[in-house]
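One structure is given here, and the rest of the page talks about it.
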Amino acid sequence: MRENVDNYPGTRRRGLRGRLPLRLVFLLLIAAVLALAGCSNNPDSVFSTDSGAASTSEVARVPWDYRVVEGTVGDIIGSDMTILPDNEMLPNDGNYATGDKIYTIQYMDAEITTDADQRNQVRLSSWSTIKSYKDLKSATDDLKNLKVSVTTDVDLIGVYKTKYKDKTRNFAVVELPSGNRIKQPIDDKRYTAMEKKKTVPVVLEEVHDFADYDLAYAKFRGWAD
């Protein structure tokens, strides 16, 4: 004999009658998941995973600059030596003695972040001493090989004018061999001369990596004409 649960005291009749079959609950859960997935493809949805802008920034580390610095040999530690006044450690390749005056080449590199509009953010490293010399001429001769001035044609992206409080300024945008674009102020005469050109001659300074000479970064140093 089947008992009628509705006859038992305390039975929640409304809850029992409103209970859904397990299969129907499972189908409703699938529908809800599909609905949320559809929302995630909609950029206007609060469930959207689209940030609204693609991240296309590129980061590169490039050689940036060199300089010659005069120093004094400090303590001799085995086959190494300290260089005053910064107390940097270098190999004592020149068999120097404490108190000797020497010249060193210092190196700086840069971390360049380029965004989708070819705009750059540059973060420079600190100076690092990389080599010592007994005389200034030897140091400057090496420096000339690491920082080379060249004249070449580069792509002219375009020229434009800006105006602020009745003052007009002209700019030219060129693309360097590295692919980076730079903006340079120009006068009215150069603006007119460049207005219809596709390429322009410029002076560049190629800064080579001391450990890998084929790796170089070109910096704009002026117009060639």
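In the structure tokens, chains take the letters A, B, ... in the order shown, each chain's residues start at 1, and ligands count up from 1 in the order shown.
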Counting only C-alpha atoms, what is within 6 Å of region 148-151 of chain A, bar same-chain residues fewer than 4 positions away, as a compact mmCIF listing (two decimals) with C-alpha atoms, in the first residue's frame?
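File produced: out-v1.txt:
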# COMPACT_ATOMS: atom_id res chain seq x y z
CA VAL A 202 69.32 62.44 -42.42
CA VAL A 203 72.38 62.06 -40.22
CA LEU A 204 72.22 59.04 -37.92
CA GLU A 205 74.45 57.84 -35.13
CA GLU A 206 74.74 54.07 -35.14
Exercise: Asp212 (chain A) partners within 12 Å, only C-alpha atoms, chain neighbours under 6 positions left out, as a PyMOL selection string: chain A and resi 62-63+146
Residue selection dump (all heavy atoms) as a CSV table (one decimal), in the first residue's frame:
chain,number,residue,atom,x,y,z
A,62,VAL,N,68.4,47.7,-26.5
A,62,VAL,CA,69.3,48.1,-27.6
A,62,VAL,C,70.5,48.8,-27.0
A,62,VAL,O,70.4,49.4,-25.9
A,62,VAL,CB,68.6,49.0,-28.6
A,62,VAL,CG1,67.4,48.3,-29.3
A,62,VAL,CG2,68.1,50.3,-27.9
A,63,PRO,N,71.6,48.8,-27.7
A,63,PRO,CA,72.8,49.7,-27.2
A,63,PRO,C,72.4,51.1,-27.4
A,63,PRO,O,71.9,51.5,-28.4
A,63,PRO,CB,73.9,49.3,-28.1
A,63,PRO,CG,73.2,48.7,-29.4
A,63,PRO,CD,72.0,48.1,-28.9
A,146,LEU,N,82.5,52.3,-32.1
A,146,LEU,CA,81.3,51.9,-31.4
A,146,LEU,C,80.2,52.9,-31.7
A,146,LEU,O,79.0,52.5,-31.7
A,146,LEU,CB,81.5,51.7,-29.9
A,146,LEU,CG,82.4,50.6,-29.5
A,146,LEU,CD1,82.8,50.7,-28.0
A,146,LEU,CD2,81.8,49.3,-29.8
Shortest interatomic distance to Glu88 (chain A) - which of A:Arg181, A:Lys196, A:Lys101, A:Lys131, counting only C-alpha atoms: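 For Glu88 (chain A), the nearest of the candidates is A:Lys131.
Among the candidates A:Met108, A:Ile76, A:Ala193, A:Ala224, the residue lying nearest to Asn95 (chain A) is A:Ile76 (atoms considered: only C-alpha atoms).
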Show which residues sit within 8 Å of Thr129 (chain A), as a compact mmCIF listing (two decimals) with all heavy atoms, in the first residue's frame. Count only C-alpha atoms, and ignore same-chain residues fewer than 5 positions away.
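As written to disk, selection37.txt reads:
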# COMPACT_ATOMS: atom_id res chain seq x y z
N GLU A 88 84.43 50.42 -9.16
CA GLU A 88 83.98 49.32 -10.01
C GLU A 88 85.12 48.33 -10.21
O GLU A 88 86.29 48.67 -10.20
CB GLU A 88 83.51 49.83 -11.37
CG GLU A 88 82.18 50.56 -11.33
CD GLU A 88 81.62 50.78 -12.71
OE1 GLU A 88 81.00 49.84 -13.25
OE2 GLU A 88 81.80 51.87 -13.26
N LEU A 90 87.19 45.59 -12.48
CA LEU A 90 87.52 45.23 -13.86
C LEU A 90 88.71 44.27 -13.86
O LEU A 90 89.53 44.31 -12.94
CB LEU A 90 87.90 46.47 -14.67
CG LEU A 90 86.83 47.28 -15.40
CD1 LEU A 90 87.50 48.36 -16.23
CD2 LEU A 90 85.95 46.41 -16.26
N THR A 104 88.70 54.62 -19.16
CA THR A 104 87.77 53.50 -19.36
C THR A 104 86.64 53.92 -20.29
O THR A 104 86.30 55.11 -20.39
CB THR A 104 87.16 53.01 -18.03
OG1 THR A 104 86.41 54.07 -17.42
CG2 THR A 104 88.25 52.52 -17.08
N ILE A 105 86.08 52.93 -20.96
CA ILE A 105 84.85 53.15 -21.73
C ILE A 105 83.69 52.61 -20.92
O ILE A 105 83.72 51.48 -20.43
CB ILE A 105 84.92 52.47 -23.11
CG1 ILE A 105 85.79 53.29 -24.06
CG2 ILE A 105 83.52 52.32 -23.71
CD1 ILE A 105 85.83 52.76 -25.48
N GLN A 106 82.67 53.45 -20.78
CA GLN A 106 81.46 53.04 -20.08
C GLN A 106 80.31 52.92 -21.08
O GLN A 106 80.25 53.63 -22.08
CB GLN A 106 81.10 54.05 -18.98
CG GLN A 106 82.10 54.08 -17.85
CD GLN A 106 81.66 54.97 -16.71
OE1 GLN A 106 80.78 55.83 -16.86
NE2 GLN A 106 82.27 54.79 -15.54
N TYR A 107 79.41 52.01 -20.76
CA TYR A 107 78.36 51.61 -21.69
C TYR A 107 76.99 51.77 -21.03
O TYR A 107 76.82 51.53 -19.83
CB TYR A 107 78.59 50.15 -22.09
CG TYR A 107 77.44 49.45 -22.77
CD1 TYR A 107 77.12 49.75 -24.10
CD2 TYR A 107 76.70 48.47 -22.12
CE1 TYR A 107 76.08 49.08 -24.74
CE2 TYR A 107 75.66 47.80 -22.75
CZ TYR A 107 75.36 48.11 -24.06
OH TYR A 107 74.33 47.45 -24.69
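For the choices A:Val173, A:Ala97, A:Ile83, A:Ala218, the atom-to-atom distance to Thr199 (chain A) is smallest for A:Val173 when using only C-alpha atoms.
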Distance criterion (only C-alpha atoms): nearest to Leu176 (chain A) out of A:Asp135, A:Asp100, A:Asp153, A:Asp141: A:Asp153
Selection: 10 Å around Leu136 (chain A), only C-alpha atoms, excl. self and same-chain fewer than 6 positions, as a PyMOL selection string: chain A and resi 68-70+102-104
Point-to-point distance from CA of Arg119 (chain A) to CA of Glu175 (chain A), Å rounded to tenths: 11.1 Å
Option closest in space to Lys219 (chain A), from A:Asp93, A:Asp65, A:Glu195, A:Asp155 [counting only C-alpha atoms]: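 Of the candidates, the smallest distance to Lys219 (chain A) is held by A:Asp65.
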Counting only C-alpha atoms, the option among A:Ser178, A:Gly158, A:Ala60, A:Tyr66 closest to Ser126 (chain A):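 Comparing A:Ser178, A:Gly158, A:Ala60, A:Tyr66 against Ser126 (chain A), the winner is A:Tyr66.
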DSSP-assigned alpha helix (DSSP H) among region 63-150 of chain A, expressed as a PyMOL selection string: chain A and resi 136-146
